[in-house]
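Peer 1: Could you have a look at this structure, given as structure tokens, before my questions?
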Amino acid sequence: MKFPQPVTVAWIADLINAEAIGDASMNAYGINEIHKVEDGDLCFVDHPKYYDKCLNSNATHIIINTKEVTVPAGKTLLVVAEPFEAYLTIVNHFRPFTAAVKSVSDTAVIGEGTVIMPNVFIGKDVKIGSNCVIHPNVSLLDYTEIGNNVVIQAGTVIGSDAFYYNTKKNRDVWYRRMQSCGNVLIEDDVEIGAGCTIDRGVTASTRIGAGTKIDNMVHIGHDTNVGKNCLFAAQVGIAGATTIEDGVVLWGQVGVSKTLTIGANAVVYAQSGVPASLEGGKVYFGSPAEDAQVKKKELVWVKRIPELWKKVME
Amino acid sequence: MKFPQPVTVAWIADLINAEAIGDASMNAYGINEIHKVEDGDLCFVDHPKYYDKCLNSNATHIIINTKEVTVPAGKTLLVVAEPFEAYLTIVNHFRPFTAAVKSVSDTAVIGEGTVIMPNVFIGKDVKIGSNCVIHPNVSLLDYTEIGNNVVIQAGTVIGSDAFYYNTKKNRDVWYRRMQSCGNVLIEDDVEIGAGCTIDRGVTASTRIGAGTKIDNMVHIGHDTNVGKNCLFAAQVGIAGATTIEDGVVLWGQVGVSKTLTIGANAVVYAQSGVPASLEGGKVYFGSPAEDAQVKKKELVWVKRIPELWKKVME
Amino acid sequence: MKFPQPVTVAWIADLINAEAIGDASMNAYGINEIHKVEDGDLCFVDHPKYYDKCLNSNATHIIINTKEVTVPAGKTLLVVAEPFEAYLTIVNHFRPFTAAVKSVSDTAVIGEGTVIMPNVFIGKDVKIGSNCVIHPNVSLLDYTEIGNNVVIQAGTVIGSDAFYYNTKKNRDVWYRRMQSCGNVLIEDDVEIGAGCTIDRGVTASTRIGAGTKIDNMVHIGHDTNVGKNCLFAAQVGIAGATTIEDGVVLWGQVGVSKTLTIGANAVVYAQSGVPASLEGGKVYFGSPAEDAQVKKKELVWVKRIPELWKKVME
């Protein structure tokens, strides 16, 4: 998330009650997760294991719970006891959750020729292009951006919060939500089936590339990046921060784990489970998914165990 | 789809800008897909591989992109460069998508004793029988027909568009939707759980037979024909144009592929995947599904591989 | 379900047209299923196989279709031809289905600081604690009770009817719904994703324990008891009357069968199927699920069959 306008490090330090180390007159332009952060942004880290990674990321300003680190030149530290709480404070300041009072927000922008059917919810700052159809009982949550010629079938939810928690098992409540301030971007000519859910990015965007078609009851996690002209059959589930390149086909009930990449034009057969990255241009099957031909041969080999047993016994 | 009244072949030729070959004064009664088409109907074909199949189907009038075929006696050709576009033109003429302005259409017919709960959407020409309960946030889309004593739990979508595309990878947008003009037929005493989706037929009907009970989050694809007294547990997914005969039981998370048949009173255990037709009256398990007893034995055989290995090594 | 106030056995006998055997002046306090029933409650039984179990359960008053049983001291029999119909009559008397006329019932109680977004349905006698967020298009059905600091994402359904049928294949309609009179209890700090469905208990409560976090499109069946601080990833399905103890983690698309127990802090990997109880504190994988290490070794063994075959052939 970028801030609506730059703020100084001193201003942030005041907001989150931090000690600033470095040039507090520098500007901060936004706050993002370590793998999304850009030059000028804030990032937070609270575990020693990730201190170095965060200090050497693209982040310019690091919210951290120690002073005992070497700060790279041109960067600042914002030292607090609980960096995660500081993150929440900043997000709540710039993107406070606001209770909607109307089904279609006054700040939503809806393009020419676009049809909004009854019982649709459209949140704050949602942008919808031209010639779209948004079917009944769809929820388009705050900050969602939709291109032209997009169809969203009934009952689908776009922009629900990321399933992303700060875990500490010595607390009474083990899991505390890392509040989402990202959004969902749906490009031109995308069609999304009925009863789907697409979560917003935690600090950046979940993207559905142009021309991609999605069947009913497909779930797509936060920060996932789906390419152009993909085809996802019903009940597919894709976890968070995954990259699906252009032209990928996932058949029904396929499950894809988080943060991996499926290469362009790969095809994954129904009910397969994808625990790790897959090379593009190939066909996969199984849970865990592997080359479909190899997997099919394996199924035949399994059928031959009794025969093998008999041979050995003889 | 049948037309509201018959039209002449000449009239159709004019609508889609086609050259008519044969008796253009003949009547056309509807337009349907090749496996649904009836005597007097139009059908379209654009791939040489399917020319013969279409010409020799029940269709009386064939929209086609060639003249170099032998026309069976009593049939007509409608020759155009892009038969798929002609199909869309005809469907849009007879069943244009119309933006609903109310949650319950004025053309909907609702039987005596039927309860419609708040936040329900009921589209154009929807028919609901008597003594039904339609729970909150349900969407019953255009042309859906529902019998008597039917219960539909909250959030379910009936009549979403078919996931059915014309694919050409030399276009910028590879997949273009084949617009649905069919509907969903739900017979008496059917009960459908919460968060389900049932797609309408492309040109004909998706049917749920009398007395069938469906748990939550079940997806049923376009043109699928479900028999009487079936039982589908939660999160089952059935692809398009499949036949499920009477009394079939599918346990949770079962996936069924397209265009196949599951015979009467078959039982398929949880999480199984059905890639091909299954004989009725038997019990199945696995992905791919096979006879449950055979599959269970196979699981035992797999456990014995280390023992087998040891024997061979000795 | 407890009755709003106690009634006499004589009164019940009159309502369901039963012959009372025993002290008809005794009070009945509620009606429940055999495994939920408490001292003073009614229970029904119609199959000789379960006569003894029901007579010796905690139930004080037994609705039954025979007199040829020995009645334990201090209990009463209510003899009718169709105990299942008698059950329905009692449930319909005390918890009649009523058509809602408003999106938010006048009898709902909503705590301070709780935000109800547009297009939400809130049924009869629903109770929601303080500082909750109920996102758009959510359905909270009759009698649902929700604690404090609970978040429910868009499109989710809480309190749909149990998928629970009285089956007789000699009837025209094989399956008749056992009407639900239970509810859903959601404790403090629970968060539930978008597009989820949680069924109410048949006669008691479906419970989600404090601090549990549930991702999108998760289905939880009737009377299931989920402990504290559990984590369920997207598209998990849990059948009815299951016990999930505290701290259990279920990854994406896991399926869990009915009436079993998963012990505290167990972890079940994605796409696994759980057909029977699992001990706590361990990690599981596979369909059927087993110890994850054992399952992984098995996958390696299967890969070695061709090598084994070669050795045997030599």
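By order in the structure tokens, chains are A, B, ...; within a chain, residues start at 1; ligands start at 1, following the order shown.
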Could you name the residues that touch range 97-111 of chain A at 7 Å or less, counting only C-alpha atoms, but leaving out those on the same chain fewer than 5 positions away, as a short mmCIF file (atom, residue, chain, number, x, y, z; two decimals) with N, CA, C and O atoms, in the first residue's frame?

Peer 2:
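Below is the file that was written, out27.cif:
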data_model
loop_
_atom_site.label_atom_id
_atom_site.label_comp_id
_atom_site.auth_asym_id
_atom_site.auth_seq_id
_atom_site.Cartn_x
_atom_site.Cartn_y
_atom_site.Cartn_z
N VAL A 120 -26.36 -6.53 -5.08
CA VAL A 120 -24.89 -6.49 -5.16
C VAL A 120 -24.37 -5.48 -4.13
O VAL A 120 -24.99 -4.44 -3.91
N PHE A 121 -23.23 -5.79 -3.50
CA PHE A 121 -22.56 -4.83 -2.64
C PHE A 121 -21.30 -4.32 -3.34
O PHE A 121 -20.49 -5.12 -3.83
N ILE A 122 -21.14 -3.02 -3.38
CA ILE A 122 -19.95 -2.40 -3.98
C ILE A 122 -19.36 -1.42 -2.96
O ILE A 122 -20.01 -0.44 -2.59
N GLY A 123 -18.14 -1.70 -2.51
CA GLY A 123 -17.54 -0.95 -1.41
C GLY A 123 -16.80 0.30 -1.86
O GLY A 123 -16.82 0.71 -3.02
N LYS A 124 -16.10 0.85 -0.90
CA LYS A 124 -15.37 2.12 -1.00
C LYS A 124 -14.31 2.08 -2.10
O LYS A 124 -13.52 1.13 -2.18
N ASP A 125 -14.31 3.12 -2.94
CA ASP A 125 -13.26 3.28 -3.96
C ASP A 125 -13.16 2.12 -4.94
O ASP A 125 -12.12 1.95 -5.59
N VAL A 126 -14.20 1.32 -5.06
CA VAL A 126 -14.20 0.25 -6.08
C VAL A 126 -14.29 0.91 -7.45
O VAL A 126 -15.01 1.89 -7.63
N LYS A 127 -13.53 0.37 -8.42
CA LYS A 127 -13.58 0.87 -9.79
C LYS A 127 -13.97 -0.28 -10.71
O LYS A 127 -13.34 -1.34 -10.68
N ILE A 128 -15.01 -0.06 -11.53
CA ILE A 128 -15.45 -1.08 -12.48
C ILE A 128 -15.44 -0.45 -13.87
O ILE A 128 -15.97 0.65 -14.05
N GLY A 129 -14.84 -1.14 -14.84
CA GLY A 129 -14.75 -0.62 -16.21
C GLY A 129 -16.09 -0.67 -16.93
O GLY A 129 -17.16 -0.77 -16.32
N SER A 130 -16.03 -0.65 -18.25
CA SER A 130 -17.25 -0.59 -19.06
C SER A 130 -17.67 -1.97 -19.53
O SER A 130 -16.87 -2.90 -19.62
N VAL C 115 -20.40 -4.05 13.66
CA VAL C 115 -20.76 -3.48 12.37
C VAL C 115 -21.48 -4.54 11.53
O VAL C 115 -20.95 -5.63 11.32
N MET C 117 -22.72 -5.04 7.83
CA MET C 117 -22.60 -4.43 6.51
C MET C 117 -23.90 -4.63 5.71
O MET C 117 -24.78 -5.39 6.12
N PRO C 118 -24.04 -3.96 4.57
CA PRO C 118 -25.29 -4.08 3.79
C PRO C 118 -25.56 -5.51 3.30
O PRO C 118 -24.64 -6.31 3.17
#

Peer 1: Report chain A as a CSV table (one decimal) with C-alpha atoms, in the first residue's frame in the frame of chain B, after least-squares superposition over all C-alpha atoms paired in order.

Peer 2:
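Okay, selection-v4.csv is ready:
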chain,number,residue,atom,x,y,z
A,1,MET,CA,-34.0,-23.4,-26.7
A,2,LYS,CA,-37.2,-23.3,-28.7
A,3,PHE,CA,-38.2,-20.0,-30.2
A,4,PRO,CA,-41.4,-18.3,-28.8
A,5,GLN,CA,-42.8,-19.0,-32.3
A,6,PRO,CA,-41.4,-20.6,-35.5
A,7,VAL,CA,-39.5,-18.4,-37.9
A,8,THR,CA,-38.5,-19.2,-41.6
A,9,VAL,CA,-35.0,-20.1,-42.7
A,10,ALA,CA,-35.1,-17.0,-44.8
A,11,TRP,CA,-35.7,-14.9,-41.7
A,12,ILE,CA,-32.8,-16.5,-39.9
A,13,ALA,CA,-30.6,-16.1,-43.0
A,14,ASP,CA,-31.4,-12.4,-42.9
A,15,LEU,CA,-30.7,-12.1,-39.2
A,16,ILE,CA,-27.3,-13.7,-39.3
A,17,ASN,CA,-26.4,-12.5,-42.8
A,18,ALA,CA,-26.1,-16.1,-44.2
A,19,GLU,CA,-26.6,-17.6,-47.6
A,20,ALA,CA,-29.4,-20.2,-47.4
A,21,ILE,CA,-29.1,-23.4,-49.4
A,22,GLY,CA,-32.2,-25.5,-49.6
A,23,ASP,CA,-35.9,-24.5,-49.0
A,24,ALA,CA,-35.7,-21.2,-47.2
A,25,SER,CA,-39.4,-21.1,-46.6
A,26,MET,CA,-39.1,-24.0,-44.1
A,27,ASN,CA,-39.7,-23.2,-40.5
A,28,ALA,CA,-37.0,-23.3,-37.8
A,29,TYR,CA,-38.4,-24.0,-34.3
A,30,GLY,CA,-35.4,-23.5,-32.1
A,31,ILE,CA,-31.6,-23.8,-31.8
A,32,ASN,CA,-29.7,-26.4,-29.8
A,33,GLU,CA,-26.4,-28.2,-29.4
A,34,ILE,CA,-25.7,-31.3,-31.5
A,35,HIS,CA,-26.6,-33.8,-28.7
A,36,LYS,CA,-29.8,-32.0,-27.7
A,37,VAL,CA,-31.1,-30.8,-31.1
A,38,GLU,CA,-34.5,-32.0,-32.3
A,39,ASP,CA,-36.3,-32.2,-35.7
A,40,GLY,CA,-37.0,-28.7,-37.0
A,41,ASP,CA,-34.1,-27.0,-35.0
A,42,LEU,CA,-31.0,-25.1,-36.0
A,43,CYS,CA,-27.6,-26.3,-35.0
A,44,PHE,CA,-24.2,-24.8,-35.8
A,45,VAL,CA,-20.8,-26.4,-36.7
A,46,ASP,CA,-17.5,-24.7,-37.6
A,47,HIS,CA,-15.0,-27.5,-37.5
A,48,PRO,CA,-14.6,-29.9,-40.5
A,49,LYS,CA,-14.2,-32.8,-38.0
A,50,TYR,CA,-17.8,-32.3,-36.9
A,51,TYR,CA,-19.4,-31.5,-40.3
A,52,ASP,CA,-20.8,-35.0,-40.9
A,53,LYS,CA,-22.0,-35.4,-37.3
A,54,CYS,CA,-23.9,-32.2,-37.4
A,55,LEU,CA,-25.4,-32.8,-40.9
A,56,ASN,CA,-26.6,-36.2,-39.8
A,57,SER,CA,-27.9,-35.1,-36.4
A,58,ASN,CA,-31.5,-34.4,-35.7
A,59,ALA,CA,-31.0,-30.8,-36.8
A,60,THR,CA,-33.0,-29.7,-39.8
A,61,HIS,CA,-31.1,-26.5,-40.4
A,62,ILE,CA,-27.3,-26.3,-40.2
A,63,ILE,CA,-25.3,-23.1,-39.7
A,64,ILE,CA,-21.9,-23.9,-41.3
A,65,ASN,CA,-18.8,-22.3,-42.7
A,66,THR,CA,-18.6,-24.2,-46.0
A,67,LYS,CA,-20.7,-25.2,-49.0
A,68,GLU,CA,-18.6,-28.2,-49.9
A,69,VAL,CA,-20.7,-30.7,-48.1
A,70,THR,CA,-23.6,-33.0,-49.1
A,71,VAL,CA,-26.8,-31.8,-47.6
A,72,PRO,CA,-29.2,-34.6,-46.5
A,73,ALA,CA,-32.7,-34.4,-48.1
A,74,GLY,CA,-35.1,-32.1,-46.4
A,75,LYS,CA,-32.4,-30.1,-44.6
A,76,THR,CA,-31.1,-26.6,-45.2
A,77,LEU,CA,-27.6,-25.0,-44.9
A,78,LEU,CA,-27.0,-21.5,-43.6
A,79,VAL,CA,-23.6,-20.6,-44.8
A,80,VAL,CA,-21.6,-17.9,-42.8
A,81,ALA,CA,-17.9,-17.3,-42.2
A,82,GLU,CA,-18.3,-17.6,-38.4
A,83,PRO,CA,-21.0,-20.0,-37.3
A,84,PHE,CA,-20.2,-19.3,-33.6
A,85,GLU,CA,-20.9,-15.6,-34.1
A,86,ALA,CA,-24.2,-16.5,-35.8
A,87,TYR,CA,-25.2,-18.7,-32.9
A,88,LEU,CA,-24.6,-15.8,-30.5
A,89,THR,CA,-26.6,-13.4,-32.7
A,90,ILE,CA,-29.6,-15.8,-32.7
A,91,VAL,CA,-29.4,-16.4,-28.9
A,92,ASN,CA,-29.1,-12.6,-28.2
A,93,HIS,CA,-32.1,-12.0,-30.4
A,94,PHE,CA,-34.4,-14.5,-28.7
A,95,ARG,CA,-32.9,-14.4,-25.1
A,96,PRO,CA,-31.2,-11.1,-24.8
A,97,PHE,CA,-29.5,-10.5,-21.5
A,98,THR,CA,-31.6,-7.9,-19.6
A,99,ALA,CA,-30.5,-5.9,-16.6
A,100,ALA,CA,-32.9,-6.7,-13.7
A,101,VAL,CA,-34.3,-3.6,-12.0
A,102,LYS,CA,-35.9,-5.4,-9.1
A,103,SER,CA,-35.0,-8.2,-6.7
A,104,VAL,CA,-38.0,-10.2,-7.8
A,105,SER,CA,-39.0,-10.0,-11.5
A,106,ASP,CA,-42.5,-9.1,-12.4
A,107,THR,CA,-42.6,-12.0,-14.7
A,108,ALA,CA,-41.8,-14.6,-12.0
A,109,VAL,CA,-44.5,-16.9,-10.9
A,110,ILE,CA,-44.5,-18.1,-7.3
A,111,GLY,CA,-46.8,-20.8,-6.0
A,112,GLU,CA,-49.1,-20.9,-3.0
A,113,GLY,CA,-47.5,-21.4,0.4
A,114,THR,CA,-44.0,-20.7,-0.9
A,115,VAL,CA,-41.8,-18.6,1.4
A,116,ILE,CA,-39.3,-16.2,-0.2
A,117,MET,CA,-36.9,-15.0,2.5
A,118,PRO,CA,-35.2,-11.6,2.5
A,119,ASN,CA,-32.4,-10.7,0.1
A,120,VAL,CA,-33.4,-13.3,-2.5
A,121,PHE,CA,-33.0,-12.5,-6.2
A,122,ILE,CA,-35.6,-14.0,-8.6
A,123,GLY,CA,-35.1,-13.3,-12.3
A,124,LYS,CA,-37.1,-13.2,-15.5
A,125,ASP,CA,-39.7,-15.9,-16.1
A,126,VAL,CA,-38.7,-17.9,-13.1
A,127,LYS,CA,-41.4,-20.4,-12.0
A,128,ILE,CA,-41.6,-21.7,-8.4
A,129,GLY,CA,-44.2,-24.3,-7.3
A,130,SER,CA,-46.1,-24.4,-4.0
A,131,ASN,CA,-44.9,-24.9,-0.5
A,132,CYS,CA,-41.2,-24.2,-1.2
A,133,VAL,CA,-38.8,-22.3,1.0
A,134,ILE,CA,-36.2,-20.1,-0.6
A,135,HIS,CA,-33.7,-19.0,2.1
A,136,PRO,CA,-31.9,-15.6,2.3
A,137,ASN,CA,-29.4,-14.4,-0.2
A,138,VAL,CA,-30.3,-17.1,-2.8
A,139,SER,CA,-30.1,-16.2,-6.5
A,140,LEU,CA,-32.6,-17.8,-8.9
A,141,LEU,CA,-31.6,-16.6,-12.3
A,142,ASP,CA,-33.7,-16.2,-15.4
A,143,TYR,CA,-35.9,-19.0,-16.7
A,144,THR,CA,-35.2,-21.3,-13.7
A,145,GLU,CA,-38.2,-23.7,-13.0
A,146,ILE,CA,-38.8,-25.2,-9.6
A,147,GLY,CA,-41.4,-27.8,-8.6
A,148,ASN,CA,-43.3,-28.2,-5.3
A,149,ASN,CA,-42.0,-28.7,-1.7
A,150,VAL,CA,-38.5,-27.6,-2.8
A,151,VAL,CA,-36.1,-26.2,-0.1
A,152,ILE,CA,-33.1,-24.1,-1.2
A,153,GLN,CA,-30.8,-23.1,1.7
A,154,ALA,CA,-29.1,-19.7,2.0
A,155,GLY,CA,-26.6,-18.3,-0.5
A,156,THR,CA,-27.2,-20.8,-3.2
A,157,VAL,CA,-27.1,-19.8,-6.9
A,158,ILE,CA,-29.4,-21.5,-9.5
A,159,GLY,CA,-29.0,-20.8,-13.2
A,160,SER,CA,-25.5,-19.3,-13.5
A,161,ASP,CA,-24.1,-19.3,-17.0
A,162,ALA,CA,-22.4,-22.5,-18.3
A,163,PHE,CA,-18.6,-22.6,-18.1
A,164,TYR,CA,-18.4,-23.3,-21.9
A,165,TYR,CA,-16.1,-21.5,-24.2
A,166,ASN,CA,-15.2,-21.3,-27.9
A,167,THR,CA,-11.4,-21.6,-27.9
A,168,LYS,CA,-9.0,-20.1,-30.5
A,169,LYS,CA,-5.5,-19.6,-29.3
A,170,ASN,CA,-4.7,-17.3,-32.2
A,171,ARG,CA,-7.0,-14.6,-30.8
A,172,ASP,CA,-6.0,-12.1,-28.2
A,173,VAL,CA,-8.7,-13.5,-25.9
A,174,TRP,CA,-8.4,-17.3,-26.3
A,175,TYR,CA,-11.8,-18.1,-24.7
A,176,ARG,CA,-15.1,-16.6,-25.8
A,177,ARG,CA,-18.2,-17.6,-23.9
A,178,MET,CA,-20.8,-19.7,-25.7
A,179,GLN,CA,-23.8,-17.8,-24.3
A,180,SER,CA,-26.2,-19.9,-22.3
A,181,CYS,CA,-29.9,-19.9,-23.4
A,182,GLY,CA,-31.0,-23.0,-21.5
A,183,ASN,CA,-32.2,-23.1,-17.9
A,184,VAL,CA,-32.3,-25.2,-14.7
A,185,LEU,CA,-35.3,-27.5,-13.9
A,186,ILE,CA,-35.7,-28.6,-10.2
A,187,GLU,CA,-38.3,-31.2,-9.7
A,188,ASP,CA,-40.6,-31.8,-6.6
A,189,ASP,CA,-39.3,-32.5,-3.2
A,190,VAL,CA,-35.7,-31.6,-4.0
A,191,GLU,CA,-33.6,-30.0,-1.3
A,192,ILE,CA,-30.5,-28.0,-2.0
A,193,GLY,CA,-28.0,-27.0,0.7
A,194,ALA,CA,-26.3,-23.6,1.3
A,195,GLY,CA,-23.7,-22.1,-0.9
A,196,CYS,CA,-24.4,-24.4,-3.9
A,197,THR,CA,-24.2,-23.5,-7.6
A,198,ILE,CA,-26.1,-25.1,-10.4
A,199,ASP,CA,-25.4,-23.8,-13.9
A,200,ARG,CA,-28.1,-23.5,-16.6
A,201,GLY,CA,-28.0,-25.7,-19.7
A,202,VAL,CA,-26.2,-24.1,-22.7
A,203,THR,CA,-29.2,-24.6,-25.0
A,204,ALA,CA,-31.3,-27.1,-23.0
A,205,SER,CA,-32.0,-27.8,-19.3
A,206,THR,CA,-29.9,-28.8,-16.3
A,207,ARG,CA,-32.2,-31.1,-14.4
A,208,ILE,CA,-32.4,-32.2,-10.7
A,209,GLY,CA,-34.8,-35.2,-10.4
A,210,ALA,CA,-37.6,-35.4,-7.8
A,211,GLY,CA,-36.6,-36.2,-4.2
A,212,THR,CA,-32.9,-35.6,-4.7
A,213,LYS,CA,-31.1,-34.1,-1.7
A,214,ILE,CA,-28.0,-32.0,-2.0
A,215,ASP,CA,-25.7,-30.9,0.8
A,216,ASN,CA,-23.8,-27.6,1.1
A,217,MET,CA,-21.3,-26.2,-1.5
A,218,VAL,CA,-22.2,-28.7,-4.2
A,219,HIS,CA,-21.4,-27.6,-7.8
A,220,ILE,CA,-23.4,-29.0,-10.7
A,221,GLY,CA,-22.4,-28.1,-14.3
A,222,HIS,CA,-24.5,-27.1,-17.3
A,223,ASP,CA,-26.8,-29.7,-19.0
A,224,THR,CA,-26.2,-32.3,-16.3
A,225,ASN,CA,-29.1,-34.6,-15.7
A,226,VAL,CA,-29.5,-35.8,-12.1
A,227,GLY,CA,-32.1,-38.6,-11.5
A,228,LYS,CA,-34.6,-39.0,-8.6
A,229,ASN,CA,-33.7,-39.7,-5.0
A,230,CYS,CA,-30.0,-39.1,-5.3
A,231,LEU,CA,-27.9,-38.0,-2.3
A,232,PHE,CA,-24.9,-35.7,-2.8
A,233,ALA,CA,-22.8,-34.8,0.3
A,234,ALA,CA,-21.0,-31.5,0.8
A,235,GLN,CA,-18.5,-30.1,-1.7
A,236,VAL,CA,-19.3,-32.6,-4.5
A,237,GLY,CA,-18.5,-31.2,-8.0
A,238,ILE,CA,-20.1,-32.5,-11.1
A,239,ALA,CA,-19.0,-31.2,-14.5
A,240,GLY,CA,-21.2,-30.5,-17.5
A,241,ALA,CA,-23.5,-32.7,-19.6
A,242,THR,CA,-23.2,-35.6,-17.2
A,243,THR,CA,-25.9,-38.2,-16.4
A,244,ILE,CA,-26.4,-39.3,-12.8
A,245,GLU,CA,-29.2,-41.9,-12.8
A,246,ASP,CA,-31.7,-42.4,-10.0
A,247,GLY,CA,-30.6,-43.2,-6.4
A,248,VAL,CA,-26.9,-42.5,-6.8
A,249,VAL,CA,-25.1,-41.5,-3.6
A,250,LEU,CA,-21.9,-39.3,-3.9
A,251,TRP,CA,-20.1,-38.8,-0.6
A,252,GLY,CA,-18.2,-35.6,0.3
A,253,GLN,CA,-15.8,-33.9,-2.1
A,254,VAL,CA,-16.4,-36.4,-4.9
A,255,GLY,CA,-15.5,-35.0,-8.3
A,256,VAL,CA,-17.3,-36.2,-11.5
A,257,SER,CA,-16.0,-35.4,-15.0
A,258,LYS,CA,-18.1,-34.3,-17.9
A,259,THR,CA,-20.5,-36.1,-20.3
A,260,LEU,CA,-20.2,-39.5,-18.5
A,261,THR,CA,-23.0,-41.6,-16.9
A,262,ILE,CA,-23.1,-43.0,-13.3
A,263,GLY,CA,-25.6,-45.9,-13.2
A,264,ALA,CA,-28.6,-46.1,-10.9
A,265,ASN,CA,-27.9,-46.7,-7.2
A,266,ALA,CA,-24.1,-46.5,-7.5
A,267,VAL,CA,-22.4,-45.3,-4.4
A,268,VAL,CA,-19.1,-43.3,-4.6
A,269,TYR,CA,-17.1,-42.8,-1.5
A,270,ALA,CA,-15.7,-39.5,-0.3
A,271,GLN,CA,-13.0,-37.7,-2.2
A,272,SER,CA,-13.2,-40.1,-5.2
A,273,GLY,CA,-12.7,-38.8,-8.7
A,274,VAL,CA,-14.8,-40.2,-11.5
A,275,PRO,CA,-13.2,-39.8,-14.9
A,276,ALA,CA,-15.4,-42.2,-16.9
A,277,SER,CA,-18.8,-43.9,-16.7
A,278,LEU,CA,-19.6,-46.2,-13.8
A,279,GLU,CA,-22.0,-49.1,-13.8
A,280,GLY,CA,-25.0,-48.8,-11.5
A,281,GLY,CA,-25.5,-50.8,-8.2
A,282,LYS,CA,-21.9,-50.9,-7.2
A,283,VAL,CA,-19.7,-49.1,-4.7
A,284,TYR,CA,-16.6,-47.1,-5.8
A,285,PHE,CA,-13.6,-45.5,-4.3
A,286,GLY,CA,-10.4,-43.7,-5.3
A,287,SER,CA,-9.1,-41.1,-7.8
A,288,PRO,CA,-9.6,-42.5,-10.4
A,289,ALA,CA,-12.5,-44.3,-8.9
A,290,GLU,CA,-12.7,-48.1,-9.1
A,291,ASP,CA,-14.6,-50.9,-7.3
A,292,ALA,CA,-14.2,-50.0,-3.6
A,293,GLN,CA,-13.2,-53.6,-2.6
A,294,VAL,CA,-10.5,-53.7,-5.3
A,295,LYS,CA,-9.2,-50.3,-4.3
A,296,LYS,CA,-9.1,-51.3,-0.6
A,297,LYS,CA,-7.1,-54.4,-1.4
A,298,GLU,CA,-4.8,-52.3,-3.5
A,299,LEU,CA,-4.1,-50.0,-0.5
A,300,VAL,CA,-3.2,-53.1,1.5
A,301,TRP,CA,-0.9,-54.4,-1.3
A,302,VAL,CA,1.0,-51.0,-1.3
A,303,LYS,CA,1.7,-51.4,2.4
A,304,ARG,CA,3.4,-54.8,1.6
A,305,ILE,CA,6.0,-53.4,-0.8
A,306,PRO,CA,8.7,-53.1,1.9
A,307,GLU,CA,8.1,-56.7,2.9
A,308,LEU,CA,8.3,-57.7,-0.8
A,309,TRP,CA,11.5,-55.8,-1.2
A,310,LYS,CA,13.0,-57.5,1.8
A,311,LYS,CA,12.1,-61.0,0.5
A,312,VAL,CA,13.7,-60.2,-2.9
A,313,MET,CA,16.8,-58.9,-1.2
A,314,GLU,CA,17.2,-62.0,0.8

Peer 1: Using backbone DSSP assignments, extract all strand (DSSP E or B) residues from range 96-230 of chain A; output them as a PyMOL selection string.

Peer 2: chain A and resi 104+109-110+115-116+121-122+127-128+133-134+139-140+145-146+151-152+157-160+165-167+175-177+183-186+191-192+197-199+205-208+213-214+219-220+225-226
